[in-house]
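A.B. asks: File follows, coords22.cif with mmCIF, C-alpha atoms and all ligand atoms:
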```cif
data_upload
#
loop_
_atom_site.group_PDB
_atom_site.id
_atom_site.type_symbol
_atom_site.label_atom_id
_atom_site.label_comp_id
_atom_site.auth_asym_id
_atom_site.auth_seq_id
_atom_site.Cartn_x
_atom_site.Cartn_y
_atom_site.Cartn_z
ATOM 1 C CA MET A 71 17.093 -51.422 55.029
ATOM 2 C CA ILE A 72 18.509 -52.401 58.393
ATOM 3 C CA THR A 73 21.013 -55.272 58.455
ATOM 4 C CA ILE A 74 21.526 -57.149 61.685
ATOM 5 C CA GLY A 75 24.320 -59.651 62.174
ATOM 6 C CA VAL A 76 24.118 -62.762 64.323
ATOM 7 C CA LEU A 77 27.463 -63.977 65.591
ATOM 8 C CA GLY A 78 27.565 -67.395 63.958
ATOM 9 C CA LEU A 79 30.286 -69.277 65.802
ATOM 10 C CA GLN A 80 28.026 -71.414 68.005
ATOM 11 C CA GLY A 81 24.549 -71.546 69.497
ATOM 12 C CA ALA A 82 21.004 -70.558 68.492
ATOM 13 C CA VAL A 83 21.964 -68.707 65.307
ATOM 14 C CA ARG A 84 19.256 -69.680 62.775
ATOM 15 C CA GLU A 85 16.463 -68.922 65.220
ATOM 16 C CA HIS A 86 17.693 -65.345 65.581
ATOM 17 C CA VAL A 87 17.895 -64.998 61.805
ATOM 18 C CA ARG A 88 14.254 -66.057 61.587
ATOM 19 C CA ALA A 89 13.201 -63.611 64.328
ATOM 20 C CA ILE A 90 15.112 -60.722 62.712
ATOM 21 C CA GLU A 91 13.516 -61.393 59.321
ATOM 22 C CA ALA A 92 10.077 -61.684 60.902
ATOM 23 C CA SER A 93 10.708 -58.234 62.414
ATOM 24 C CA GLY A 94 11.310 -56.707 58.986
ATOM 25 C CA ALA A 95 15.095 -56.428 58.938
ATOM 26 C CA GLN A 96 17.757 -58.250 56.974
ATOM 27 C CA ALA A 97 19.857 -60.848 58.809
ATOM 28 C CA VAL A 98 23.441 -61.886 58.216
ATOM 29 C CA ILE A 99 25.288 -64.746 59.925
ATOM 30 C CA VAL A 100 28.650 -63.314 60.948
ATOM 31 C CA LYS A 101 31.481 -65.823 60.711
ATOM 32 C CA ARG A 102 34.320 -63.533 59.657
ATOM 33 C CA THR A 103 35.423 -60.331 61.386
ATOM 34 C CA GLU A 104 35.172 -58.251 58.162
ATOM 35 C CA GLN A 105 31.429 -58.866 58.155
ATOM 36 C CA LEU A 106 31.085 -56.685 61.255
ATOM 37 C CA GLU A 107 31.542 -53.658 59.018
ATOM 38 C CA GLU A 108 28.484 -54.561 56.952
ATOM 39 C CA VAL A 109 25.998 -54.739 59.828
ATOM 40 C CA ASP A 110 24.069 -52.012 61.657
ATOM 41 C CA GLY A 111 23.682 -54.069 64.822
ATOM 42 C CA LEU A 112 24.775 -57.422 66.207
ATOM 43 C CA ILE A 113 23.148 -60.221 68.171
ATOM 44 C CA LEU A 114 25.266 -62.497 70.344
ATOM 45 C CA PRO A 115 23.163 -65.658 70.598
ATOM 46 C CA GLY A 116 22.645 -68.132 73.410
ATOM 47 C CA GLY A 117 24.674 -71.303 73.528
ATOM 48 C CA GLU A 118 27.635 -72.060 75.725
ATOM 49 C CA SER A 119 29.702 -69.037 76.666
ATOM 50 C CA THR A 120 32.910 -70.986 77.317
ATOM 51 C CA THR A 121 32.731 -72.648 73.878
ATOM 52 C CA MET A 122 31.832 -69.352 72.256
ATOM 53 C CA ARG A 123 34.772 -67.664 73.945
ATOM 54 C CA ARG A 124 37.114 -70.340 72.642
ATOM 55 C CA LEU A 125 35.847 -69.805 69.097
ATOM 56 C CA ILE A 126 35.962 -66.021 69.475
ATOM 57 C CA ASP A 127 39.661 -66.313 70.303
ATOM 58 C CA LYS A 128 40.306 -68.895 67.604
ATOM 59 C CA TYR A 129 38.808 -66.705 64.859
ATOM 60 C CA GLY A 130 40.255 -63.427 66.134
ATOM 61 C CA PHE A 131 36.918 -61.884 67.094
ATOM 62 C CA MET A 132 37.712 -60.527 70.560
ATOM 63 C CA GLU A 133 39.232 -57.156 69.661
ATOM 64 C CA PRO A 134 36.814 -56.532 66.748
ATOM 65 C CA LEU A 135 33.858 -57.255 69.064
ATOM 66 C CA ARG A 136 35.214 -54.905 71.742
ATOM 67 C CA GLU A 137 35.706 -52.237 69.077
ATOM 68 C CA PHE A 138 32.212 -52.842 67.708
ATOM 69 C CA SER A 139 30.725 -52.281 71.166
ATOM 70 C CA LYS A 140 32.293 -48.815 71.196
ATOM 71 C CA THR A 141 31.007 -47.695 67.790
ATOM 72 C CA GLY A 142 27.477 -46.989 69.023
ATOM 73 C CA LYS A 143 26.030 -49.713 66.818
ATOM 74 C CA PRO A 144 23.626 -51.707 69.015
ATOM 75 C CA MET A 145 24.471 -55.129 70.391
ATOM 76 C CA PHE A 146 22.069 -57.613 71.947
ATOM 77 C CA GLY A 147 23.351 -60.505 74.033
ATOM 78 C CA THR A 148 20.900 -63.298 74.787
ATOM 79 C CA CYS A 149 21.716 -65.827 77.494
ATOM 80 C CA ALA A 150 25.351 -66.846 76.774
ATOM 81 C CA GLY A 151 25.511 -63.550 74.841
ATOM 82 C CA MET A 152 24.644 -61.697 78.049
ATOM 83 C CA ILE A 153 27.572 -63.463 79.736
ATOM 84 C CA LEU A 154 29.856 -62.323 76.900
ATOM 85 C CA LEU A 155 28.778 -58.684 77.313
ATOM 86 C CA ALA A 156 29.049 -58.451 81.115
ATOM 87 C CA LYS A 157 31.914 -56.578 82.737
ATOM 88 C CA ASN A 158 31.861 -58.792 85.834
ATOM 89 C CA LEU A 159 31.141 -62.511 86.141
ATOM 90 C CA ILE A 160 30.569 -64.085 89.536
ATOM 91 C CA GLY A 161 33.303 -66.657 90.243
ATOM 92 C CA TYR A 162 35.539 -65.614 87.333
ATOM 93 C CA GLU A 163 38.513 -63.279 87.369
ATOM 94 C CA GLU A 164 38.069 -62.128 83.809
ATOM 95 C CA SER A 165 35.231 -61.034 81.613
ATOM 96 C CA HIS A 166 34.838 -61.615 77.881
ATOM 97 C CA ILE A 167 33.813 -58.570 75.805
ATOM 98 C CA GLY A 168 33.077 -56.742 79.060
ATOM 99 C CA ALA A 169 31.137 -53.865 77.476
ATOM 100 C CA MET A 170 28.188 -53.654 79.891
ATOM 101 C CA ASP A 171 28.464 -52.379 83.439
ATOM 102 C CA ILE A 172 26.662 -55.353 84.901
ATOM 103 C CA THR A 173 27.556 -58.300 87.111
ATOM 104 C CA VAL A 174 26.206 -61.614 85.859
ATOM 105 C CA GLU A 175 26.045 -65.056 87.394
ATOM 106 C CA ARG A 176 26.097 -68.066 85.065
ATOM 107 C CA ASN A 177 23.533 -70.866 85.454
ATOM 108 C CA ALA A 178 22.079 -68.761 88.228
ATOM 109 C CA PHE A 179 18.582 -70.189 88.418
ATOM 110 C CA GLY A 180 20.033 -73.436 89.791
ATOM 111 C CA ARG A 181 19.383 -77.082 89.157
ATOM 112 C CA GLN A 182 15.779 -77.181 90.237
ATOM 113 C CA LYS A 183 14.881 -74.657 87.586
ATOM 114 C CA ASP A 184 17.487 -75.556 85.019
ATOM 115 C CA SER A 185 15.243 -74.715 82.086
ATOM 116 C CA PHE A 186 11.772 -73.233 82.210
ATOM 117 C CA GLU A 187 9.357 -70.850 80.566
ATOM 118 C CA ALA A 188 7.828 -67.849 82.264
ATOM 119 C CA ALA A 189 5.400 -65.091 81.343
ATOM 120 C CA LEU A 190 7.343 -61.842 81.345
ATOM 121 C CA SER A 191 6.638 -58.153 80.998
ATOM 122 C CA MET A 192 9.349 -55.908 79.680
ATOM 123 C CA LYS A 193 9.570 -52.133 79.610
ATOM 124 C CA GLY A 194 9.307 -50.826 76.046
ATOM 125 C CA VAL A 195 8.281 -54.270 74.774
ATOM 126 C CA GLY A 196 4.982 -55.211 76.370
ATOM 127 C CA GLU A 197 3.208 -57.566 78.694
ATOM 128 C CA ASP A 198 2.792 -61.275 78.880
ATOM 129 C CA PHE A 199 5.224 -62.794 76.458
ATOM 130 C CA ILE A 200 6.891 -66.124 77.099
ATOM 131 C CA GLY A 201 10.554 -66.077 78.069
ATOM 132 C CA VAL A 202 12.424 -69.345 77.486
ATOM 133 C CA PHE A 203 15.220 -69.815 80.043
ATOM 134 C CA ILE A 204 17.831 -72.517 79.346
ATOM 135 C CA ARG A 205 20.497 -72.867 82.031
ATOM 136 C CA ALA A 206 20.169 -69.145 82.138
ATOM 137 C CA PRO A 207 22.284 -66.503 83.795
ATOM 138 C CA TYR A 208 20.818 -63.459 85.508
ATOM 139 C CA VAL A 209 22.086 -60.030 86.417
ATOM 140 C CA VAL A 210 22.983 -59.657 90.092
ATOM 141 C CA ASP A 211 24.165 -56.053 90.004
ATOM 142 C CA VAL A 212 24.039 -53.042 87.680
ATOM 143 C CA GLU A 213 25.717 -49.649 87.709
ATOM 144 C CA ASP A 214 23.456 -46.585 87.925
ATOM 145 C CA HIS A 215 23.294 -45.842 84.204
ATOM 146 C CA VAL A 216 22.029 -49.345 83.365
ATOM 147 C CA GLU A 217 18.284 -49.582 82.977
ATOM 148 C CA VAL A 218 16.502 -52.690 84.231
ATOM 149 C CA LEU A 219 13.813 -53.542 81.669
ATOM 150 C CA CYS A 220 12.549 -56.875 82.985
ATOM 151 C CA THR A 221 12.614 -58.905 86.175
ATOM 152 C CA HIS A 222 11.452 -62.432 86.934
ATOM 153 C CA GLU A 223 10.856 -63.331 90.582
ATOM 154 C CA ASP A 224 12.845 -60.244 91.614
ATOM 155 C CA ARG A 225 15.801 -61.208 89.445
ATOM 156 C CA MET A 226 17.006 -58.871 86.705
ATOM 157 C CA VAL A 227 16.630 -60.699 83.391
ATOM 158 C CA ALA A 228 16.783 -57.892 80.802
ATOM 159 C CA VAL A 229 18.882 -54.732 81.006
ATOM 160 C CA ARG A 230 19.896 -51.908 78.700
ATOM 161 C CA GLN A 231 22.864 -49.557 78.721
ATOM 162 C CA ASN A 232 22.429 -47.057 75.896
ATOM 163 C CA HIS A 233 22.974 -49.089 72.706
ATOM 164 C CA LEU A 234 23.680 -52.339 74.547
ATOM 165 C CA LEU A 235 20.911 -54.785 75.430
ATOM 166 C CA ALA A 236 21.099 -58.091 77.284
ATOM 167 C CA ALA A 237 18.547 -60.731 78.224
ATOM 168 C CA SER A 238 18.814 -63.935 80.276
ATOM 169 C CA PHE A 239 16.208 -65.682 78.173
ATOM 170 C CA HIS A 240 15.889 -66.715 74.512
ATOM 171 C CA PRO A 241 13.512 -64.334 72.703
ATOM 172 C CA GLU A 242 14.135 -66.122 69.402
ATOM 173 C CA LEU A 243 12.626 -69.447 70.456
ATOM 174 C CA THR A 244 8.968 -68.460 70.322
ATOM 175 C CA ASP A 245 6.864 -66.954 67.535
ATOM 176 C CA ASP A 246 6.322 -63.777 69.547
ATOM 177 C CA HIS A 247 8.996 -61.502 68.125
ATOM 178 C CA ARG A 248 8.324 -58.393 70.213
ATOM 179 C CA VAL A 249 11.727 -58.447 71.970
ATOM 180 C CA THR A 250 13.599 -58.807 68.668
ATOM 181 C CA ALA A 251 11.421 -56.031 67.220
ATOM 182 C CA TYR A 252 12.462 -53.811 70.149
ATOM 183 C CA PHE A 253 16.121 -54.446 69.253
ATOM 184 C CA VAL A 254 15.448 -53.771 65.565
ATOM 185 C CA GLU A 255 13.997 -50.380 66.642
ATOM 186 C CA MET A 256 17.160 -49.655 68.658
ATOM 187 C CA VAL A 257 19.220 -50.384 65.543
ATOM 188 C CA LYS A 258 16.997 -48.147 63.376
ATOM 189 C CA GLU A 259 17.288 -45.281 65.845
ATOM 190 C CA ALA A 260 21.076 -45.635 66.071
ATOM 191 C CA LYS A 261 21.369 -45.664 62.282
ATOM 192 C CA MET A 262 19.170 -42.591 61.902
ATOM 193 C CA LYS A 263 21.245 -40.669 64.411
ATOM 194 C CA LYS A 264 24.359 -41.421 62.355
ATOM 195 C CA VAL A 265 22.797 -40.109 59.141
ATOM 196 C CA VAL A 266 21.526 -36.820 60.567
HETATM 197 N N1 LIG A 301 24.695 -71.768 80.681
HETATM 198 C C1 LIG A 301 25.217 -71.232 79.460
HETATM 199 C C2 LIG A 301 26.563 -70.537 79.686
HETATM 200 O O1 LIG A 301 26.994 -70.417 80.779
HETATM 201 C C3 LIG A 301 24.241 -70.270 78.821
HETATM 202 C C4 LIG A 301 23.016 -71.014 78.402
HETATM 203 C C5 LIG A 301 22.321 -70.437 77.205
HETATM 204 O O2 LIG A 301 22.844 -69.606 76.467
HETATM 205 N N2 LIG A 301 21.133 -70.932 76.962
HETATM 206 O O3 LIG A 301 27.172 -70.138 78.751
#
```
Produce structure tokens that represent the structure in this file.
C.D. replies:
Amino acid sequence: MITIGVLGLQGAVREHVRAIEASGAQAVIVKRTEQLEEVDGLILPGGESTTMRRLIDKYGFMEPLREFSKTGKPMFGTCAGMILLAKNLIGYEESHIGAMDITVERNAFGRQKDSFEAALSMKGVGEDFIGVFIRAPYVVDVEDHVEVLCTHEDRMVAVRQNHLLAASFHPELTDDHRVTAYFVEMVKEAKMKKVV
């Protein structure tokens, strides 16, 4: 059985738990750093990245999360989670976890399109699923080894770097769990590699 953690400090935690379970894996809400050892993969949910960062520092999660990103166990950052994973943030001197070689801009779709839904197609996932964007960031630049899996109006909204996945939108807010299922597959593959 695959166990996937959802960082449970703030944001859309329960919805991810539901999506993970619907995709046939076990879900754990991670509130203490020791729990990171029990999970095969980790989702960083959407919410508010500045608040999440404050809580990450308060509960001593920053170093354990950076270490986790280096173990080869998959991580998936959605929306604010994408901001946490990015190495570069437009307008900020410092990153948070900084594990992905991407440059991200917060609230990048602007006021006019603060929150919206769009039909997306994503490599490895499929066609025509609804992406829910809520004051969403997008990726403005990637290094060569980062694969762009999904764009919306020429903006990069889902990217993968080996075991690290990030999306601008909220895949957990609809009943179409194909994006979560894709991440569950990544976790299964990573776990199998470890066993062999
Ligand atoms: N705008 C938020 C931030 O900057 C992200 C929004 C979200 O996660 N839905 O953290």
A.B. asks: Step by step, gather every atom of ligand LIG 301 (chain A) that the file lists, find the box along x, y and z that holds them, add 4 Å on each side, and finally give centre and edge lengths in Å to one decimal, as lines of an AutoDock Vina configuration file.
C.D. replies:
```
center_x = 24.2
center_y = -70.7
center_z = 78.6
size_x = 14.0
size_y = 10.2
size_z = 12.3
```
A.B. asks: Which residues fall under the PyMOL selection byres (((chain A and resi 173) around 10) and not hetatm) in this file, as a list of chain:residue names?
C.D. replies: A:Ile153, A:Leu155, A:Ala156, A:Lys157, A:Asn158, A:Leu159, A:Ile160, A:Ser165, A:Gly168, A:Met170, A:Asp171, A:Ile172, A:Val174, A:Glu175, A:Tyr208, A:Val209, A:Val210, A:Asp211, A:Val212, A:Glu213
A.B. asks: So which residues touch Glu118 of chain A within 8 Å, counting only C-alpha atoms, skipping near sequence neighbours fewer than 6 positions away, as a PyMOL selection string?
C.D. replies: chain A and resi 80-81+150
A.B. asks: For the selection you just gave me, I'd like the residues written to a file as a PDB file, keeping the file's coordinate frame, keeping C-alpha atoms.
C.D. replies:
```pdb
ATOM      1  CA  GLN A  80      28.026 -71.414  68.005  1.00  0.00           C
ATOM      2  CA  GLY A  81      24.549 -71.546  69.497  1.00  0.00           C
ATOM      3  CA  ALA A 150      25.351 -66.846  76.774  1.00  0.00           C
TER       4      ALA A 150
END
```
A.B. asks: The residues within 9 Å of (19.7, -45.5, 76.6), using all atoms listed in the file and the coordinates of the file, should be reported as a PyMOL selection string; which are they?
C.D. replies: chain A and resi 215-217+230-234
A.B. asks: Give the residues close to ligand LIG 301 (chain A), within 8 Å, counting all atoms listed in the file; write them as a list in words.
C.D. replies: Gly81, Pro115, Gly116, Gly117, Glu118, Ser119, Thr120, Thr121, Thr148, Cys149, Ala150, Gly151, Ile153, Arg176, Asn177, Phe203, Ile204, Arg205, Ala206, Pro207, Ser238, Phe239 and His240 of chain A
A.B. asks: Neighbours of Arg88 of chain A within 12 Å (all atoms listed in the file; same-chain residues fewer than 6 positions away dropped), as a ChimeraX atom specification?
C.D. replies: /A:74-76,82,94-99,241-247,250-251
A.B. asks: Write out as an mmCIF file with C-alpha atoms, in the coordinates of the input the residues lying within 9 Å of Thr103 of chain A, counting all atoms listed in the file and excluding same-chain residues fewer than 2 positions away.
C.D. replies:
```
data_model
loop_
_atom_site.group_PDB
_atom_site.id
_atom_site.type_symbol
_atom_site.label_atom_id
_atom_site.label_comp_id
_atom_site.auth_asym_id
_atom_site.auth_seq_id
_atom_site.Cartn_x
_atom_site.Cartn_y
_atom_site.Cartn_z
ATOM 1 C CA VAL A 100 28.650 -63.314 60.948
ATOM 2 C CA LYS A 101 31.481 -65.823 60.711
ATOM 3 C CA GLN A 105 31.429 -58.866 58.155
ATOM 4 C CA LEU A 106 31.085 -56.685 61.255
ATOM 5 C CA GLU A 107 31.542 -53.658 59.018
ATOM 6 C CA TYR A 129 38.808 -66.705 64.859
ATOM 7 C CA GLY A 130 40.255 -63.427 66.134
ATOM 8 C CA PHE A 131 36.918 -61.884 67.094
ATOM 9 C CA PRO A 134 36.814 -56.532 66.748
ATOM 10 C CA LEU A 135 33.858 -57.255 69.064
#
```
A.B. asks: Skip Met132 of chain A itself and residues of its chain fewer than 3 positions away, then list as a ChimeraX atom specification all residues within 8 Å of it, counting all atoms listed in the file.
C.D. replies: /A:126-127,135-136,166-167
A.B. asks: Which of these, A:Leu125, A:Leu154, A:Leu114, A:Val249, has the shortest distance to Asp198 of chain A once you count only C-alpha atoms?
C.D. replies: A:Val249
A.B. asks: For the provided coordinates, the residues matched by the PyMOL selection byres (((chain A and resi 186) around 7) and not hetatm) should be stated as a ChimeraX atom specification.
C.D. replies: /A:183-185,187-188,202-204
A.B. asks: Exactly which residues make up the result of the PyMOL selection byres (((chain A and resi 142) around 12) and not hetatm) on this file, given as an MDAnalysis selection string?
C.D. replies: chainID A and resid 110:112 136:141 143:145 169 231:234 256:264
A.B. asks: Would you please work out which residue, of A:Glu164, A:Glu133, A:Met192, A:Glu85, is nearest to Val229 of chain A when using all atoms listed in the file?
C.D. replies: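 Using all atoms listed in the file, Val229 of chain A sits closest to A:Met192.
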A.B. asks: Extract segment 139-218 of chain A from the coordinates I pasted, and write it as a short mmCIF file (atom, residue, chain, number, x, y, z; two decimals), in the first residue's frame (atoms kept: C-alpha atoms).
C.D. replies:
```
data_model
loop_
_atom_site.label_atom_id
_atom_site.label_comp_id
_atom_site.auth_asym_id
_atom_site.auth_seq_id
_atom_site.Cartn_x
_atom_site.Cartn_y
_atom_site.Cartn_z
CA SER A 139 12.97 16.64 -1.36
CA LYS A 140 16.41 15.07 -1.69
CA THR A 141 15.40 11.52 -0.73
CA GLY A 142 13.82 10.74 -4.11
CA LYS A 143 10.38 10.36 -2.56
CA PRO A 144 7.98 12.32 -4.79
CA MET A 145 6.57 15.70 -3.82
CA PHE A 146 3.66 17.50 -5.44
CA GLY A 147 3.11 21.20 -4.86
CA THR A 148 -0.26 22.62 -5.87
CA CYS A 149 -0.72 26.37 -6.13
CA ALA A 150 0.85 27.75 -2.90
CA GLY A 151 2.70 24.40 -2.80
CA MET A 152 4.24 25.22 -6.18
CA ILE A 153 5.47 28.52 -4.70
CA LEU A 154 7.03 26.60 -1.80
CA LEU A 155 8.91 24.27 -4.17
CA ALA A 156 10.27 26.91 -6.57
CA LYS A 157 13.93 27.89 -6.49
CA ASN A 158 13.21 31.43 -7.70
CA LEU A 159 10.25 33.69 -6.93
CA ILE A 160 9.70 36.87 -8.92
CA GLY A 161 9.97 39.90 -6.61
CA TYR A 162 11.42 37.97 -3.66
CA GLU A 163 15.04 37.58 -2.64
CA GLU A 164 14.58 34.20 -1.05
CA SER A 165 12.82 30.99 -1.88
CA HIS A 166 11.15 28.57 0.53
CA ILE A 167 11.99 24.87 0.05
CA GLY A 168 13.62 25.79 -3.27
CA ALA A 169 13.85 22.23 -4.60
CA MET A 170 12.65 22.79 -8.18
CA ASP A 171 14.66 24.60 -10.82
CA ILE A 172 11.80 26.85 -11.80
CA THR A 173 10.98 30.54 -11.53
CA VAL A 174 7.45 31.23 -10.31
CA GLU A 175 5.40 34.39 -10.09
CA ARG A 176 2.74 34.62 -7.37
CA ASN A 177 -0.81 35.74 -8.21
CA ALA A 178 0.40 35.90 -11.78
CA PHE A 179 -2.90 35.71 -13.63
CA GLY A 180 -3.77 39.18 -12.33
CA ARG A 181 -6.88 40.76 -10.94
CA GLN A 182 -9.10 40.34 -13.95
CA LYS A 183 -8.69 36.60 -13.77
CA ASP A 184 -8.23 36.24 -10.05
CA SER A 185 -9.96 32.87 -9.92
CA PHE A 186 -11.26 30.85 -12.83
CA GLU A 187 -11.70 27.38 -14.24
CA ALA A 188 -10.22 26.20 -17.51
CA ALA A 189 -10.22 23.01 -19.55
CA LEU A 190 -6.68 21.68 -19.54
CA SER A 191 -4.72 18.91 -21.19
CA MET A 192 -1.70 17.53 -19.43
CA LYS A 193 1.02 15.23 -20.70
CA GLY A 194 0.78 11.81 -19.04
CA VAL A 195 -2.61 12.68 -17.55
CA GLY A 196 -5.06 13.25 -20.38
CA GLU A 197 -7.25 15.74 -22.14
CA ASP A 198 -10.03 18.01 -21.10
CA PHE A 199 -10.07 18.08 -17.35
CA ILE A 200 -11.06 21.16 -15.40
CA GLY A 201 -8.29 23.08 -13.67
CA VAL A 202 -9.42 25.33 -10.81
CA PHE A 203 -7.16 28.39 -10.49
CA ILE A 204 -7.44 30.47 -7.29
CA ARG A 205 -5.15 33.50 -7.18
CA ALA A 206 -2.79 31.17 -8.89
CA PRO A 207 0.89 31.44 -9.62
CA TYR A 208 2.45 30.27 -12.87
CA VAL A 209 5.90 29.23 -13.96
CA VAL A 210 7.75 31.91 -15.93
CA ASP A 211 11.00 30.03 -16.49
CA VAL A 212 12.35 26.48 -16.21
CA GLU A 213 15.82 24.99 -16.45
CA ASP A 214 16.45 22.47 -19.24
CA HIS A 215 15.85 19.33 -17.20
CA VAL A 216 12.37 20.46 -16.13
CA GLU A 217 9.57 19.04 -18.22
CA VAL A 218 6.57 21.23 -19.00
#
```
